[in-house]
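my_file-v4.txt follows; it contains compact mmCIF, C-alpha atoms and all ligand atoms.
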# COMPACT_ATOMS: atom_id res chain seq x y z
CA MET A 1 114.88 134.95 128.60
CA LYS A 2 117.81 134.50 126.30
CA ALA A 3 117.48 130.74 126.49
CA LYS A 4 113.80 131.03 125.64
CA THR A 5 114.48 133.11 122.54
CA HIS A 6 117.12 130.61 121.56
CA THR A 7 114.66 127.73 121.91
CA ILE A 8 111.98 129.52 119.87
CA THR A 9 114.51 130.25 117.12
CA LEU A 10 115.80 126.70 117.13
CA LEU A 11 112.32 125.21 116.90
CA GLY A 12 111.35 127.63 114.12
CA VAL A 13 114.42 126.88 112.06
CA SER A 14 113.97 123.14 112.66
CA THR A 15 110.35 123.28 111.53
CA ALA A 16 111.36 125.14 108.38
CA ALA A 17 114.13 122.63 107.64
CA ALA A 18 111.78 119.70 108.18
CA MET A 19 109.23 121.27 105.84
CA VAL A 20 111.82 121.78 103.11
CA LEU A 21 112.82 118.11 103.45
CA ALA A 22 109.17 117.05 103.34
CA TYR A 23 108.72 119.11 100.17
CA VAL A 24 111.88 117.73 98.53
CA GLU A 25 110.47 114.29 99.26
CA THR A 26 107.31 115.03 97.27
CA LEU A 27 109.57 115.58 94.23
CA ILE A 28 111.12 112.12 94.52
CA PRO A 29 108.90 109.57 92.80
CA VAL A 30 108.38 106.56 95.05
CA PRO A 31 106.96 103.40 93.52
CA PHE A 32 104.51 102.73 96.32
CA ALA A 33 100.95 101.77 95.51
CA VAL A 34 99.53 103.84 98.31
CA PRO A 35 99.38 107.48 97.23
CA GLY A 36 100.63 109.83 99.89
CA VAL A 37 102.88 107.34 101.62
CA LYS A 38 106.27 108.93 102.18
CA ILE A 39 109.76 107.73 103.04
CA GLY A 40 110.39 110.29 105.79
CA LEU A 41 113.38 112.53 105.05
CA ALA A 42 112.05 115.05 107.56
CA ASN A 43 112.89 112.49 110.22
CA THR A 44 116.48 113.77 110.14
CA VAL A 45 115.30 116.86 111.99
CA ALA A 46 113.21 114.81 114.41
CA VAL A 47 116.12 112.52 115.31
CA PHE A 48 118.46 115.48 115.67
CA LEU A 49 116.10 117.37 117.98
CA LEU A 50 115.27 114.25 119.96
CA VAL A 51 118.96 113.64 120.69
CA LYS A 52 119.83 117.28 121.37
CA ARG A 53 116.75 118.57 123.10
CA GLY A 54 114.53 115.63 123.99
CA TRP A 55 110.95 114.90 123.04
CA LYS A 56 109.62 118.23 124.29
CA ALA A 57 111.35 119.89 121.34
CA ALA A 58 111.02 117.08 118.81
CA LEU A 59 107.32 116.29 119.19
CA PRO A 60 105.90 119.82 118.65
CA VAL A 61 108.17 120.39 115.64
CA SER A 62 106.96 117.13 114.14
CA ILE A 63 103.29 118.01 114.66
CA VAL A 64 103.61 121.57 113.35
CA ARG A 65 105.56 120.31 110.34
CA VAL A 66 102.86 117.77 109.47
CA LEU A 67 100.06 120.33 109.88
CA LEU A 68 101.77 123.00 107.78
CA SER A 69 103.03 120.78 104.98
CA SER A 70 99.64 119.07 104.68
CA LEU A 71 97.98 122.46 104.36
CA MET A 72 100.47 123.49 101.70
CA PHE A 73 101.03 120.39 99.57
CA GLY A 74 98.60 117.74 100.75
CA ASN A 75 95.06 116.46 100.86
CA PHE A 76 93.08 114.72 103.59
CA ALA A 77 94.47 111.25 102.89
CA SER A 78 98.07 112.41 102.89
CA PHE A 79 97.38 114.37 106.08
CA ALA A 80 95.98 111.29 107.81
CA TYR A 81 98.96 109.22 106.64
CA SER A 82 101.46 111.87 107.72
CA VAL A 83 99.92 112.37 111.16
CA SER A 84 99.73 108.68 111.97
CA GLY A 85 103.19 108.07 110.53
CA ALA A 86 104.78 111.00 112.35
CA LEU A 87 103.11 110.29 115.71
CA LEU A 88 103.80 106.55 115.73
CA SER A 89 107.36 107.23 114.62
CA MET A 90 107.91 109.85 117.31
CA LEU A 91 106.48 107.66 120.10
CA ALA A 92 108.63 104.71 118.99
CA MET A 93 111.75 106.88 118.87
CA ILE A 94 111.06 108.39 122.29
CA ALA A 95 110.70 104.86 123.70
CA ALA A 96 113.89 103.75 121.91
CA MET A 97 115.81 106.76 123.27
CA LYS A 98 114.56 106.05 126.81
CA THR A 99 116.20 102.61 126.79
CA GLY A 100 119.56 104.32 126.26
CA LYS A 101 120.80 101.20 124.51
CA LEU A 102 120.72 102.39 120.89
CA SER A 103 122.70 104.92 118.91
CA GLU A 104 121.11 107.61 116.73
CA ILE A 105 121.15 105.10 113.89
CA GLY A 106 119.15 102.48 115.78
CA VAL A 107 116.69 105.11 117.00
CA SER A 108 116.20 106.51 113.51
CA VAL A 109 115.71 103.05 111.96
CA ILE A 110 112.98 102.37 114.53
CA GLY A 111 111.48 105.79 113.74
CA ALA A 112 111.52 105.19 109.97
CA VAL A 113 110.04 101.70 110.22
CA PHE A 114 107.23 102.84 112.53
CA HIS A 115 106.67 105.89 110.32
CA ASN A 116 106.01 103.63 107.34
CA ALA A 117 104.04 101.08 109.34
CA GLY A 118 101.84 103.86 110.77
CA GLN A 119 101.03 105.11 107.28
CA ILE A 120 100.14 101.64 106.04
CA ILE A 121 97.94 100.94 109.05
CA MET A 122 96.13 104.24 108.42
CA ALA A 123 95.82 103.43 104.70
CA ILE A 124 94.25 100.06 105.53
CA ALA A 125 91.87 101.78 107.95
CA LEU A 126 90.91 104.51 105.45
CA THR A 127 90.48 102.35 102.36
CA GLY A 128 89.40 99.09 104.00
CA THR A 129 91.78 97.29 101.63
CA LYS A 130 93.75 94.67 103.52
CA GLU A 131 95.81 93.96 100.41
CA ILE A 132 97.77 97.09 101.23
CA ALA A 133 99.55 94.94 103.84
CA PHE A 134 101.39 93.62 100.79
CA TRP A 135 103.38 96.87 100.94
CA LEU A 136 104.49 96.45 104.55
CA PRO A 137 107.60 94.32 103.88
CA PRO A 138 109.06 96.60 101.17
CA LEU A 139 108.18 99.66 103.27
CA ILE A 140 109.80 98.14 106.36
CA ILE A 141 112.95 97.35 104.37
CA SER A 142 113.03 100.84 102.84
CA GLY A 143 112.50 102.17 106.37
CA ILE A 144 115.64 100.33 107.47
CA VAL A 145 117.60 101.85 104.57
CA THR A 146 116.33 105.42 105.00
CA GLY A 147 116.60 105.03 108.78
CA ILE A 148 120.31 104.19 108.52
CA ALA A 149 120.88 107.11 106.12
CA VAL A 150 118.88 109.55 108.25
CA GLY A 151 120.54 108.32 111.45
CA THR A 152 124.00 108.78 109.93
CA VAL A 153 123.17 112.35 108.91
CA ALA A 154 121.75 112.98 112.39
CA VAL A 155 124.96 111.67 114.01
CA LEU A 156 126.97 114.16 111.93
CA LEU A 157 124.58 117.02 112.76
CA VAL A 158 124.68 116.23 116.47
CA LYS A 159 128.49 116.25 116.34
CA LYS A 160 128.88 119.39 114.22
CA ILE A 161 126.15 121.62 115.59
CA ASP A 162 126.83 122.79 119.08
CA PHE A 163 124.44 125.01 120.96
CA LYS A 164 125.90 127.76 123.06
CA GLN A 165 123.39 129.09 125.48
CA MET B 1 127.77 106.38 119.90
CA ASN B 2 130.02 103.47 120.81
CA ARG B 3 130.65 99.84 120.04
CA ARG B 4 127.98 98.58 122.42
CA THR B 5 125.15 100.72 121.07
CA LEU B 6 126.18 99.87 117.50
CA LYS B 7 125.91 96.17 118.33
CA ASN B 8 122.42 96.78 119.71
CA ASP B 9 121.55 98.71 116.54
CA VAL B 10 122.54 95.73 114.42
CA ILE B 11 120.43 93.38 116.57
CA VAL B 12 117.39 95.67 116.30
CA ILE B 13 117.79 96.05 112.53
CA ALA B 14 118.13 92.29 112.08
CA ALA B 15 115.01 91.70 114.20
CA ILE B 16 113.02 94.22 112.12
CA ALA B 17 114.19 92.55 108.89
CA VAL B 18 113.00 89.18 110.26
CA VAL B 19 109.58 90.69 111.05
CA ALA B 20 109.39 92.02 107.46
CA ALA B 21 110.23 88.56 106.11
CA VAL B 22 107.54 86.94 108.27
CA ILE B 23 104.89 89.46 107.14
CA TRP B 24 105.96 88.87 103.53
CA CYS B 25 105.49 85.11 103.94
CA VAL B 26 102.05 85.55 105.58
CA VAL B 27 100.93 87.90 102.78
CA LYS B 28 102.24 85.53 100.10
CA LEU B 29 100.51 82.53 101.65
CA SER B 30 97.20 84.34 102.11
CA SER B 31 97.09 85.86 98.62
CA LYS B 32 94.76 84.17 96.16
CA ALA B 33 93.91 84.39 92.48
CA GLY B 34 92.63 87.90 91.77
CA GLU B 35 89.58 89.07 89.85
CA PHE B 36 90.60 92.42 88.37
CA ALA B 37 93.66 94.26 87.14
CA VAL B 38 93.42 97.89 88.28
CA VAL B 39 95.33 100.55 86.36
CA GLU B 40 96.46 103.60 88.32
CA LEU B 41 98.14 106.68 86.90
CA ASN B 42 99.70 109.04 89.45
CA GLY B 43 97.87 107.13 92.18
CA VAL B 44 94.45 107.61 90.57
CA GLU B 45 92.53 104.62 89.25
CA THR B 46 91.83 105.07 85.53
CA ALA B 47 90.69 101.63 84.42
CA ARG B 48 89.83 98.15 85.66
CA TYR B 49 89.90 94.97 83.61
CA SER B 50 88.57 91.53 84.46
CA LEU B 51 91.28 88.87 84.48
CA ASN B 52 88.78 86.46 82.93
CA GLU B 53 88.82 88.18 79.55
CA ASP B 54 91.85 88.32 77.30
CA ILE B 55 92.46 91.92 76.25
CA ARG B 56 95.15 94.18 74.90
CA ALA B 57 94.80 97.83 76.03
CA GLU B 58 96.89 100.86 75.23
CA ILE B 59 97.27 102.99 78.35
CA ALA B 60 98.15 106.57 77.48
CA CYS B 61 99.36 108.86 80.24
CA GLY B 62 99.80 112.12 78.33
CA ASP B 63 102.79 113.51 76.40
CA GLY B 64 102.74 110.50 74.11
CA CYS B 65 103.65 107.97 76.78
CA VAL B 66 102.06 104.58 76.23
CA ASN B 67 102.12 101.21 77.99
CA THR B 68 100.41 98.25 76.37
CA LEU B 69 98.68 96.10 78.96
CA VAL B 70 97.83 92.54 78.00
CA ILE B 71 95.65 90.12 79.92
CA ARG B 72 95.93 86.53 78.79
CA ASN B 73 94.98 83.30 80.60
CA GLY B 74 94.16 85.21 83.79
CA GLU B 75 97.53 86.93 83.92
CA ALA B 76 98.29 90.63 83.39
CA TYR B 77 101.56 91.97 82.01
CA ILE B 78 102.96 94.95 80.13
CA GLU B 79 103.71 93.84 76.58
CA SER B 80 105.45 96.99 75.44
CA ALA B 81 106.06 100.55 76.60
CA ASN B 82 107.89 103.65 75.46
CA CYS B 83 109.34 104.46 78.86
CA PRO B 84 113.12 104.89 79.04
CA ASP B 85 113.93 101.98 81.37
CA LYS B 86 111.45 99.30 80.14
CA LEU B 87 111.48 97.80 83.63
CA CYS B 88 107.69 97.37 83.51
CA VAL B 89 108.00 95.18 80.41
CA LYS B 90 110.60 93.00 82.13
CA GLN B 91 108.45 92.38 85.21
CA HIS B 92 106.70 89.03 85.47
CA GLY B 93 103.01 88.62 84.77
CA ILE B 94 100.76 89.06 87.81
CA ARG B 95 97.64 87.13 88.84
CA MET B 96 97.50 87.00 92.66
CA THR B 97 95.84 89.65 94.84
CA GLY B 98 98.25 92.34 95.94
CA GLU B 99 100.75 91.75 93.12
CA THR B 100 101.75 94.85 91.18
CA ILE B 101 103.59 95.99 88.09
CA ILE B 102 105.11 99.45 88.31
CA CYS B 103 106.28 101.76 85.54
CA LEU B 104 108.09 104.45 87.50
CA PRO B 105 108.84 106.86 84.63
CA HIS B 106 105.17 106.88 83.61
CA ARG B 107 103.94 106.77 87.22
CA LEU B 108 101.79 103.82 86.24
CA ILE B 109 100.78 101.00 88.55
CA VAL B 110 98.87 97.87 87.59
CA ARG B 111 97.72 95.87 90.58
CA ILE B 112 95.58 92.81 91.12
CA ILE B 113 92.62 92.94 93.45
CA GLY B 114 89.95 90.53 94.60
CA GLU B 115 86.28 91.06 93.92
CA TYR B 116 85.42 94.81 93.76
CA GLY B 117 88.56 95.72 95.61
CA VAL B 118 87.48 93.92 98.75
CA ASP B 119 89.58 91.05 99.92
CA ALA B 120 87.04 88.26 100.35
CA THR B 121 89.24 86.14 102.61
CA VAL B 122 88.93 86.96 106.28
ZN ZN C 201 107.95 101.36 82.10

What does the file become when written as structure tokens?
Ligand SMILES: [Zn+2]
Amino acid sequence: MKAKTHTITLLGVSTAAAMVLAYVETLIPVPFAVPGVKIGLANTVAVFLLVKRGWKAALPVSIVRVLLSSLMFGNFASFAYSVSGALLSMLAMIAAMKTGKLSEIGVSVIGAVFHNAGQIIMAIALTGTKEIAFWLPPLIISGIVTGIAVGTVAVLLVKKIDFKQ
Amino acid sequence: MNRRTLKNDVIVIAAIAVVAAVIWCVVKLSSKAGEFAVVELNGVETARYSLNEDIRAEIACGDGCVNTLVIRNGEAYIESANCPDKLCVKQHGIRMTGETIICLPHRLIVRIIGEYGVDATV
């Protein structure tokens, strides 16, 4: 029972933290031609949960975060981008974790790159504009950069935050 | 985290960077001369100019901010702007589909598209 309460609290706090990060991100102007495409700060929480608690904790938090933040600050297009970005990112990170060959940094780079690629693929599907593929290389490179940053933060969080159950 | 996983991380990151470079090359090779320059403010299209006509247009984005867009000889560029960094003025002229000029402080994007926004090449 105690463990269950602990889990519920952890997931709630994580969702809140991810939403704050997602909101902070909307305040950072990003020079990308596709409105609604995001760089994925909220991934810090996803990587952290994935490492600490596995996908059963990370996936629901990701989905709830996307649903809530789209309701609060988004529109349909940004919701579609966020969902496809978050899901593709999460699946890629789960697969990367399963190999056991990468550190948090490698996992988070893969997550960030697939997050951005997922959004672009959805943007191409929604707008029918193939020229958007032009944005894949800069988004992949920025995914590498944010992925390294997010992974580094996640490494620190994993080290510093210890759960006592 | 240890030395072995870090080495794997580096390999994965390098592989992803190579993929990005390959996509960039494919996009560059498949881009062709565009038809229109599309002006977007805050992600919303506000104007569209044919690259076949030479024009000079003042693009106002509220609060007195102005970028002057010029189209000459099928090429679009920002001639002048009152943004703080002037990075948009320094960017090269654009003429191929997919190319963009960005003025970050004014949240302005000028991008080149093919006919009616649809890429005609398949
Ligand atoms: Zn400017």

Would you mind listing what lies within 10 Å of Leu91 in chain A as a ChimeraX atom specification, with only C-alpha atoms counted and same-chain residues fewer than 5 positions away left out? /A:55,59,86,96-97,111,114-115

Produce a table with one row for each residue of chain B that has an atom at most 6 Å from any atom of chain A, each row naming the nearest atom pair and its distance in Å at one decimal; use all atoms listed in the file; arrange rows by chain and rising residue number; format as CSV.
residue,atom,partner,partner_atom,distance
B:Met1,CA,A:Ser103,CA,5.4
B:Thr5,CA,A:Leu102,CA,4.7
B:Asn8,CA,A:Leu102,CA,6.0
B:Asp9,CA,A:Gly106,CA,4.5
B:Ala20,CA,A:Pro137,CA,4.6
B:Trp24,CA,A:Pro137,CA,5.7
B:Gly43,CA,A:Pro35,CA,5.3
B:Gly98,CA,A:Glu131,CA,5.3

Pick out the residues sitting within 10 Å of Cys83 in chain B, and hand them over as a PyMOL selection string; count all atoms listed in the file, and ignore anything fewer than 2 positions along from it in its own chain. chain B and resi 65-67+80-81+85-89+103-106

Return the padded bounding box of range 147-155 of chain A as AutoDock Vina command-line options: axis-aligned, built from all atoms listed in the file, 3 Å added on each side, with centre and edge lengths in Å to one decimal.
--center_x 120.8 --center_y 108.6 --center_z 110.1 --size_x 14.4 --size_y 14.8 --size_z 13.9

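Within 6 Å of the point (99.1, 101.2, 87.6), counting only C-alpha atoms, the protein and nucleic acid residues come to Val39, Glu40, Leu41, Leu108, Ile109 and Val110 of chain B.
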
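The coordinates place CA of Thr97 in chain B at 6.0 Å from CA of Gly114 in chain B.
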
At a cut-off of 8 Å, using only C-alpha atoms, what residues contact Ile113 in chain B? Leave out same-chain residues fewer than 6 positions from it and give the result as an mmCIF file with C-alpha atoms, keeping the file's coordinate frame.
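The resulting file, around-v6.cif, is reproduced below:
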data_model
loop_
_atom_site.group_PDB
_atom_site.id
_atom_site.type_symbol
_atom_site.label_atom_id
_atom_site.label_comp_id
_atom_site.auth_asym_id
_atom_site.auth_seq_id
_atom_site.Cartn_x
_atom_site.Cartn_y
_atom_site.Cartn_z
ATOM 1 C CA GLU A 131 95.810 93.960 100.410
ATOM 2 C CA GLY B 34 92.630 87.900 91.770
ATOM 3 C CA GLU B 35 89.580 89.070 89.850
ATOM 4 C CA PHE B 36 90.600 92.420 88.370
ATOM 5 C CA ALA B 37 93.660 94.260 87.140
ATOM 6 C CA VAL B 38 93.420 97.890 88.280
ATOM 7 C CA MET B 96 97.500 87.000 92.660
ATOM 8 C CA THR B 97 95.840 89.650 94.840
ATOM 9 C CA GLY B 98 98.250 92.340 95.940
ATOM 10 C CA ASP B 119 89.580 91.050 99.920
#

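Counting from CA of Val150 in chain A, the distance to CA of Thr44 in chain A is 5.2 Å.
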
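With all atoms listed in the file as the atoms that count, the residue of B:Val12, B:Cys61, B:Cys25, B:Val44 with the shortest distance to ligand ZN 201 (chain C) is B:Cys61.
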
Spatial neighbours of Val45 in chain A, max dist 10 Å, only C-alpha atoms, sep filter under 6 positions, as a list of chain:residue names: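 Contacts, in chain order: A:Ser14, A:Thr15, A:Ala16, A:Ala17, A:Ala18, A:Met19, A:Leu21, A:Val51, A:Ala58, A:Val61, A:Ser62, A:Val150, A:Val153, A:Ala154, A:Leu157.
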
With C-alpha atoms kept, could you save the residues just selected as a PDB file, in the frame of the given file?
ATOM      1  CA  SER A  14     113.970 123.140 112.660  1.00  0.00           C
ATOM      2  CA  THR A  15     110.350 123.280 111.530  1.00  0.00           C
ATOM      3  CA  ALA A  16     111.360 125.140 108.380  1.00  0.00           C
ATOM      4  CA  ALA A  17     114.130 122.630 107.640  1.00  0.00           C
ATOM      5  CA  ALA A  18     111.780 119.700 108.180  1.00  0.00           C
ATOM      6  CA  MET A  19     109.230 121.270 105.840  1.00  0.00           C
ATOM      7  CA  LEU A  21     112.820 118.110 103.450  1.00  0.00           C
ATOM      8  CA  VAL A  51     118.960 113.640 120.690  1.00  0.00           C
ATOM      9  CA  ALA A  58     111.020 117.080 118.810  1.00  0.00           C
ATOM     10  CA  VAL A  61     108.170 120.390 115.640  1.00  0.00           C
ATOM     11  CA  SER A  62     106.960 117.130 114.140  1.00  0.00           C
ATOM     12  CA  VAL A 150     118.880 109.550 108.250  1.00  0.00           C
ATOM     13  CA  VAL A 153     123.170 112.350 108.910  1.00  0.00           C
ATOM     14  CA  ALA A 154     121.750 112.980 112.390  1.00  0.00           C
ATOM     15  CA  LEU A 157     124.580 117.020 112.760  1.00  0.00           C
TER      16      LEU A 157
END

Straight-line distance linking CA of Arg72 in chain B with CA of Glu99 in chain B, stated in Å to one decimal: 16.0 Å

For each of B:Val26, B:Ile71, B:Ala76, B:Ile59, take the minimum atom-to-atom distance to ligand ZN 201 (chain C), counting only C-alpha atoms and all ligand atoms, then give the residue where this is smallest.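 Of all the options, B:Ile59 lies closest to ligand ZN 201 (chain C).
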
Identify which of the residues B:Lys32, B:Arg107, B:Arg95, B:Arg56 lies closest to ligand ZN 201 (chain C), counting only C-alpha atoms and all ligand atoms when measuring atom-to-atom distances.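 Of B:Lys32, B:Arg107, B:Arg95, B:Arg56, the one nearest ligand ZN 201 (chain C) is B:Arg107, counting only C-alpha atoms and all ligand atoms.
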
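With distances restricted to all atoms listed in the file, B:Ile78 is the closest residue to ligand ZN 201 (chain C) from B:Ile13, B:Glu45, B:Asp63, B:Ile78.
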